[in-house]
$ cat input_0.tsv   # TSV, C-alpha atoms and all ligand atoms
chain	number	residue	atom	x	y	z
A	1	MET	CA	45.65	5.12	-73.21
A	2	LYS	CA	47.27	2.26	-71.36
A	3	ILE	CA	48.57	4.58	-68.70
A	4	ALA	CA	45.11	6.09	-68.18
A	5	LYS	CA	43.60	2.63	-67.79
A	6	ALA	CA	46.28	1.59	-65.31
A	7	LEU	CA	45.75	4.76	-63.34
A	8	SER	CA	41.99	4.28	-63.13
A	9	LEU	CA	42.50	0.68	-61.96
A	10	LEU	CA	44.89	1.93	-59.35
A	11	GLY	CA	42.33	4.48	-58.27
A	12	ILE	CA	39.65	1.84	-57.86
A	13	ALA	CA	42.04	-0.35	-55.87
A	14	ALA	CA	42.98	2.58	-53.62
A	15	ALA	CA	39.33	3.40	-53.02
A	16	GLY	CA	38.65	-0.25	-52.19
A	17	ILE	CA	41.52	-0.39	-49.73
A	18	SER	CA	40.46	2.83	-48.05
A	19	LEU	CA	36.89	1.54	-47.70
A	20	VAL	CA	38.14	-1.69	-46.13
A	21	ALA	CA	40.34	0.35	-43.80
A	22	CYS	CA	37.23	2.22	-42.58
A	23	LYS	CA	35.44	-0.94	-41.62
A	24	ALA	CA	34.86	-1.17	-37.87
A	25	ASP	CA	34.18	-4.39	-36.05
A	26	GLY	CA	35.10	-6.21	-32.90
A	27	ASP	CA	38.07	-4.55	-31.24
A	28	ASN	CA	38.80	-2.39	-34.27
A	29	GLN	CA	36.94	0.89	-33.99
A	30	GLY	CA	37.99	1.93	-37.49
A	31	LEU	CA	39.10	5.40	-38.37
A	32	GLU	CA	37.36	8.14	-36.49
A	33	TYR	CA	36.47	11.40	-38.08
A	34	ALA	CA	36.28	14.24	-35.54
A	35	PRO	CA	37.04	11.99	-32.54
A	36	GLN	CA	35.87	14.65	-30.05
A	37	MET	CA	32.36	13.81	-31.15
A	38	TYR	CA	32.76	10.25	-29.91
A	39	HIS	CA	34.79	10.98	-26.81
A	40	SER	CA	32.96	13.77	-25.05
A	41	VAL	CA	34.40	15.13	-21.82
A	42	ALA	CA	32.44	13.64	-18.97
A	43	TYR	CA	31.75	16.16	-16.23
A	44	GLU	CA	31.58	14.65	-12.77
A	45	PRO	CA	28.73	16.45	-11.00
A	46	LEU	CA	30.16	16.45	-7.48
A	47	THR	CA	33.93	16.71	-8.12
A	48	GLN	CA	36.35	18.43	-10.41
A	49	ILE	CA	39.68	17.21	-11.77
A	50	LYS	CA	41.87	20.30	-11.77
A	51	ASP	CA	45.11	18.69	-12.98
A	52	GLU	CA	45.29	19.61	-16.67
A	53	THR	CA	47.63	16.72	-17.44
A	54	LYS	CA	45.35	13.96	-16.09
A	55	GLY	CA	44.68	11.51	-18.90
A	56	GLU	CA	47.12	13.21	-21.28
A	57	TRP	CA	48.22	9.83	-22.61
A	58	LEU	CA	44.89	9.16	-24.34
A	59	SER	CA	43.76	12.68	-24.92
A	60	ASN	CA	42.64	13.89	-28.32
A	61	ARG	CA	41.04	17.04	-27.01
A	62	GLU	CA	41.31	20.13	-29.15
A	63	ASP	CA	42.37	22.26	-26.18
A	64	GLY	CA	45.41	19.99	-25.66
A	65	LYS	CA	44.49	19.14	-22.07
A	66	GLY	CA	44.35	15.67	-20.54
A	67	GLU	CA	41.29	13.55	-21.25
A	68	PHE	CA	40.24	13.46	-17.57
A	69	PHE	CA	40.62	17.18	-16.84
A	70	ASN	CA	37.11	18.45	-16.20
A	71	SER	CA	37.39	21.50	-14.03
A	72	ASN	CA	34.90	24.28	-14.39
A	73	ILE	CA	36.37	27.34	-12.71
A	74	ASN	CA	33.06	29.19	-12.68
A	75	ASN	CA	31.43	26.83	-10.19
A	76	PRO	CA	32.12	27.02	-6.46
A	77	HIS	CA	32.87	24.23	-4.00
A	78	GLY	CA	35.01	22.22	-6.42
A	79	MET	CA	31.88	20.77	-8.04
A	80	ASN	CA	30.78	20.90	-11.64
A	81	MET	CA	27.13	20.88	-10.63
A	82	ARG	CA	25.59	24.25	-9.70
A	83	GLU	CA	23.90	24.64	-6.35
A	84	PRO	CA	20.30	25.83	-6.33
A	85	VAL	CA	19.81	29.55	-5.63
A	86	ALA	CA	19.78	30.30	-1.87
A	87	GLY	CA	16.29	29.97	-0.43
A	88	THR	CA	15.08	27.67	-3.21
A	89	VAL	CA	12.26	25.43	-2.01
A	90	PRO	CA	11.81	22.08	-3.75
A	91	ARG	CA	8.32	21.29	-4.94
A	92	THR	CA	6.81	17.94	-5.72
A	93	LYS	CA	5.74	16.94	-9.21
A	94	ASP	CA	2.22	18.18	-8.56
A	95	GLY	CA	3.59	21.55	-7.44
A	96	SER	CA	2.93	21.24	-3.71
A	97	LEU	CA	5.36	22.48	-1.06
A	98	PRO	CA	7.11	20.12	1.34
A	99	TYR	CA	5.03	19.16	4.40
A	100	ARG	CA	6.45	21.06	7.35
A	101	TYR	CA	4.31	20.00	10.32
A	102	LYS	CA	6.00	17.71	12.81
A	103	ALA	CA	4.25	14.54	13.96
A	104	PHE	CA	3.14	16.15	17.25
A	105	GLU	CA	1.69	19.24	15.54
A	106	ILE	CA	-1.53	17.43	14.72
A	107	GLU	CA	-3.78	20.19	16.03
A	108	GLU	CA	-2.23	22.88	13.84
A	109	ALA	CA	-2.39	20.57	10.84
A	110	SER	CA	-6.06	19.75	11.54
A	111	VAL	CA	-7.00	23.40	11.24
A	112	ASN	CA	-4.56	24.77	8.67
A	113	VAL	CA	-3.93	22.04	6.11
A	114	LYS	CA	-6.46	22.05	3.30
A	115	ASN	CA	-7.09	19.53	0.55
A	116	PRO	CA	-5.74	20.96	-2.74
A	117	ILE	CA	-7.20	18.21	-4.91
A	118	GLU	CA	-10.52	18.93	-6.58
A	119	LEU	CA	-13.21	16.45	-5.60
A	120	ASN	CA	-14.74	14.46	-8.45
A	121	ASP	CA	-15.78	10.90	-9.27
A	122	GLU	CA	-12.44	9.98	-10.77
A	123	VAL	CA	-10.58	11.15	-7.65
A	124	LEU	CA	-12.97	9.20	-5.42
A	125	LYS	CA	-12.46	6.06	-7.47
A	126	GLU	CA	-8.71	6.40	-7.30
A	127	GLY	CA	-8.97	7.22	-3.58
A	128	GLU	CA	-10.90	3.99	-3.04
A	129	ARG	CA	-8.29	1.96	-4.90
A	130	LEU	CA	-5.49	3.52	-2.84
A	131	PHE	CA	-7.40	3.01	0.41
A	132	GLN	CA	-7.86	-0.68	-0.41
A	133	LEU	CA	-4.15	-0.87	-1.15
A	134	TYR	CA	-2.71	0.90	1.89
A	135	CYS	CA	-5.34	1.06	4.61
A	136	THR	CA	-7.56	-2.03	4.46
A	137	PRO	CA	-5.08	-4.43	6.09
A	138	CYS	CA	-5.74	-2.59	9.36
A	139	HIS	CA	-8.85	-0.48	8.89
A	140	GLY	CA	-10.79	-3.06	6.89
A	141	LYS	CA	-12.55	-2.73	3.53
A	142	GLY	CA	-15.28	-0.55	4.95
A	143	GLY	CA	-12.95	1.37	7.28
A	144	GLN	CA	-14.40	-0.14	10.45
A	145	GLY	CA	-11.07	-1.13	11.96
A	146	ASP	CA	-11.66	-4.81	11.23
A	147	GLY	CA	-8.88	-5.56	8.73
A	148	THR	CA	-7.00	-8.84	9.04
A	149	VAL	CA	-3.94	-7.16	10.49
A	150	GLY	CA	-6.09	-4.76	12.46
A	151	MET	CA	-7.78	-7.64	14.27
A	152	ILE	CA	-4.39	-8.87	15.44
A	153	ILE	CA	-2.74	-5.62	16.49
A	154	GLY	CA	-5.95	-4.24	17.98
A	155	GLY	CA	-6.87	-0.65	18.79
A	156	VAL	CA	-7.40	0.30	15.13
A	157	ALA	CA	-9.68	3.27	14.64
A	158	ASN	CA	-13.15	2.67	13.19
A	159	LEU	CA	-13.14	5.50	10.66
A	160	THR	CA	-16.88	5.25	10.09
A	161	GLY	CA	-17.99	5.76	13.67
A	162	GLY	CA	-17.97	7.98	16.71
A	163	ALA	CA	-15.75	11.00	16.90
A	164	TYR	CA	-13.65	9.89	13.92
A	165	VAL	CA	-16.44	10.90	11.55
A	166	GLY	CA	-15.84	14.52	12.47
A	167	LEU	CA	-12.10	14.57	11.80
A	168	SER	CA	-11.01	17.35	9.46
A	169	GLU	CA	-9.36	16.56	6.15
A	170	GLY	CA	-6.13	18.13	7.37
A	171	HIS	CA	-6.22	15.84	10.40
A	172	ILE	CA	-6.61	12.68	8.30
A	173	TYR	CA	-3.88	13.86	5.92
A	174	HIS	CA	-1.56	14.50	8.86
A	175	VAL	CA	-2.21	11.05	10.34
A	176	ILE	CA	-1.49	9.35	7.00
A	177	THR	CA	1.68	11.41	6.54
A	178	LYS	CA	3.16	11.24	10.03
A	179	GLY	CA	1.33	8.35	11.68
A	180	LYS	CA	-0.29	8.50	15.10
A	181	GLY	CA	0.00	6.30	18.16
A	182	ARG	CA	0.15	2.73	16.96
A	183	MET	CA	-0.35	3.65	13.31
A	184	GLY	CA	2.90	4.09	11.40
A	185	ALA	CA	3.65	7.00	9.07
A	186	HIS	CA	2.79	6.44	5.42
A	187	GLY	CA	4.37	9.67	4.11
A	188	SER	CA	7.26	7.89	2.45
A	189	GLN	CA	5.10	5.29	0.71
A	190	ILE	CA	2.26	7.42	-0.65
A	191	THR	CA	2.71	10.62	-2.70
A	192	PRO	CA	1.06	13.80	-1.35
A	193	GLU	CA	-1.41	13.77	-4.23
A	194	ASN	CA	-2.45	10.19	-3.53
A	195	ARG	CA	-2.73	10.89	0.21
A	196	TRP	CA	-5.20	13.66	-0.54
A	197	LYS	CA	-7.19	11.33	-2.79
A	198	ILE	CA	-7.41	8.85	0.07
A	199	VAL	CA	-8.57	11.68	2.34
A	200	HIS	CA	-11.36	12.55	-0.12
A	201	TYR	CA	-12.43	8.91	-0.19
A	202	VAL	CA	-12.40	8.53	3.60
A	203	LYS	CA	-14.28	11.79	4.10
A	204	GLN	CA	-16.86	11.40	1.35
A	205	LYS	CA	-17.49	7.67	1.19
A	206	LEU	CA	-16.63	6.23	4.60
A	207	GLN	CA	-17.75	9.22	6.62
A	208	GLY	CA	-20.61	10.46	4.45
A	209	GLY	CA	-19.06	13.86	3.77
A	210	GLN	CA	-19.13	15.04	7.37
A	211	ASN	CA	-16.57	17.61	8.34
A	212	ALA	CA	-16.00	18.96	11.82
A	213	ASP	CA	-15.54	22.59	12.72
A	214	ASN	CA	-14.21	21.48	16.09
A	215	ALA	CA	-11.57	19.22	14.59
A	216	VAL	CA	-9.16	19.71	17.47
A	217	ALA	CA	-11.61	18.75	20.22
A	218	VAL	CA	-12.74	15.77	18.18
A	219	ALA	CA	-9.16	14.66	17.65
A	220	GLU	CA	-8.44	14.77	21.37
A	221	LYS	CA	-11.53	12.77	22.14
A	222	ALA	CA	-10.63	10.21	19.49
A	223	THR	CA	-7.17	9.84	20.97
A	224	GLN	CA	-8.57	9.16	24.43
A	225	GLU	CA	-10.99	6.58	23.04
A	226	THR	CA	-8.24	4.79	21.16
A	227	GLN	CA	-5.99	4.68	24.19
A	228	VAL	CA	-8.69	2.93	26.17
A	229	GLU	CA	-9.17	0.41	23.36
A	230	THR	CA	-5.49	-0.30	22.89
A	231	PRO	CA	-4.54	-3.54	24.66
A	232	ALA	CA	-1.27	-3.61	26.58
A	233	ASN	CA	1.15	-5.94	24.90
B	301	LIG	C1	-0.63	-1.11	10.35
B	301	LIG	C2	-2.02	-0.82	10.58
B	301	LIG	C3	-2.58	0.47	9.99
B	301	LIG	C4	-2.56	0.88	8.67
B	301	LIG	C5	-1.93	0.20	7.48
B	301	LIG	C6	-3.29	2.14	8.64
B	301	LIG	N1	-3.72	2.46	9.89
B	301	LIG	FE1	-4.79	4.11	10.41
B	301	LIG	N2	-4.76	3.55	12.35
B	301	LIG	C7	-4.17	2.41	12.84
B	301	LIG	C8	-4.26	2.40	14.29
B	301	LIG	C9	-3.74	1.30	15.20
B	301	LIG	C10	-4.89	3.60	14.65
B	301	LIG	C11	-5.17	4.13	16.06
B	301	LIG	C12	-4.01	5.04	16.33
B	301	LIG	C13	-3.88	5.51	17.76
B	301	LIG	O1	-3.21	4.82	18.51
B	301	LIG	O2	-4.42	6.57	18.06
B	301	LIG	C14	-5.20	4.29	13.40
B	301	LIG	C15	-5.84	5.51	13.35
B	301	LIG	C16	-6.21	6.15	12.19
B	301	LIG	C17	-6.96	7.40	12.13
B	301	LIG	C18	-7.53	8.18	13.30
B	301	LIG	C19	-6.52	9.14	13.80
B	301	LIG	C20	-6.88	9.80	15.10
B	301	LIG	O3	-6.80	11.02	15.17
B	301	LIG	O4	-7.20	9.10	16.08
B	301	LIG	C21	-7.11	7.69	10.80
B	301	LIG	C22	-7.84	8.88	10.22
B	301	LIG	C23	-6.45	6.66	10.05
B	301	LIG	N3	-5.90	5.75	10.91
B	301	LIG	C24	-6.40	6.61	8.67
B	301	LIG	C25	-5.64	5.67	7.95
B	301	LIG	C26	-5.53	5.68	6.53
B	301	LIG	C27	-6.22	6.66	5.60
B	301	LIG	C28	-4.71	4.65	6.20
B	301	LIG	C29	-4.21	4.27	4.83
B	301	LIG	C30	-3.38	5.22	4.18
B	301	LIG	C31	-4.32	3.98	7.42
B	301	LIG	N4	-4.91	4.62	8.47
B	301	LIG	C32	-3.49	2.87	7.48
B	301	LIG	C33	-3.58	1.40	12.10
B	301	LIG	C34	-3.33	1.47	10.74
$ encode --input "input_0.tsv" --output "structure tokens"
Amino acid sequence: MKIAKALSLLGIAAAGISLVACKADGDNQGLEYAPQMYHSVAYEPLTQIKDETKGEWLSNREDGKGEFFNSNINNPHGMNMREPVAGTVPRTKDGSLPYRYKAFEIEEASVNVKNPIELNDEVLKEGERLFQLYCTPCHGKGGQGDGTVGMIIGGVANLTGGAYVGLSEGHIYHVITKGKGRMGAHGSQITPENRWKIVHYVKQKLQGGQNADNAVAVAEKATQETQVETPAN
């Protein structure tokens, strides 16, 4: 009886000690069960470490290799990351293809580039907000070329008047994306989707929905007009 009691006490003490031993805090990480679950092998995307002994000193990998070995023999170019399939074309989040027209190809863009965004009140509202954000400093709230910055740099197009009213949507999109003359490119600041929303707003609200069939001729005329207006400085 006594022996049984002593044994059970011993058992409780042993259990207590083992529980204390498991405690992790501060610099003591405690005992790890299945350490591979804590120390996963980190794959470097652009490089591979092919030396199987690298990091052997701290390795607890099941395959017996060094902790830092992370080669993946199936991938080419000494990288762990796979390359995209040849001919893969990246698309933006909204599914559109990259814009391929160069800055000087404004005439082609005017004719061929079409607005993929459906026109509705919500889009117009968002287009207005974006126009106020990106375009008003130069073009003014109403698009008349009388923004605070526009007054100083001069030669800013009045989007509500003259030949500008007839610009095609593709033309306006191209100018926002690539810039034109004294207007800088905004392609890197504004997403394609938002650029098209601005185009809808300019076309529908500032230009009363007018669209030109002769976008190219109109564009040329507009360029000439702007050049006359632009002061030499
Ligand atoms: C830093 C000032 C500035 C900002 C900001 C600016 N523009 Fe312009 N914009 C100009 C100037 C200057 C011109 C005249 C360009 C030229 O020399 O032909 C112009 C011309 C234009 C034209 C006429 C292009 C043509 O074919 O003649 C359009 C359309 C236009 N801007 C739209 C926009 C829109 C939309 C935004 C906002 C996303 C915007 N601009 C932001 C200065 C600006």
$ closest_residue --input "input_0.tsv" --among "A:Gly162, A:Gly181, A:Gly87, A:Gly209" --to "ligand LIG 301 (chain B)" --atoms "only C-alpha atoms and all ligand atoms"
A:Gly181
$ axis_aligned_box --input "input_0.tsv" --around "ligand LIG 301 (chain B)" --padding-each-side "5 Å" --output "lines of an AutoDock Vina configuration file"
center_x = -4.2
center_y = 5.0
center_z = 11.3
size_x = 17.2
size_y = 22.1
size_z = 24.3
$ residues_near_ligand --input "input_0.tsv" --ligand "ligand LIG 301 (chain B)" --cutoff "7 Å" --atoms "all atoms listed in the file" --output "PyMOL selection string"
chain A and resi 131+134-139+149-150+154-157+159+164+171-172+175-176+180-184+186+195+198-199+202+219+222-223+226-227
$ residues_around --input "input_0.tsv" --residues "Thr92 of chain A" --least-positions-apart "3" --cutoff "10 Å" --atoms "all atoms listed in the file" --output "list of chain:residue names"
A:Val89, A:Gly95, A:Ser96, A:Leu97, A:Pro98, A:Thr191, A:Pro192, A:Glu193
$ atom_distance --input "input_0.tsv" --atom1 "atom CA of Gly145 of chain A" --atom2 "atom CA of Asn120 of chain A"
25.9 Å
$ closest_residue --input "input_0.tsv" --among "A:Glu62, A:Gly161, A:Met37, A:Glu169" --to "Ile117 of chain A" --atoms "only C-alpha atoms"
A:Glu169
$ residues_around --input "input_0.tsv" --residues "Ser110 of chain A" --least-positions-apart "2" --cutoff "7 Å" --atoms "all atoms listed in the file" --output "MDAnalysis selection string"
chainID A and resid 106:108 112:113 168 170:171 215:216
$ atom_distance --input "input_0.tsv" --atom1 "atom CA of Leu31 of chain A" --atom2 "atom CA of Glu52 of chain A"
26.7 Å
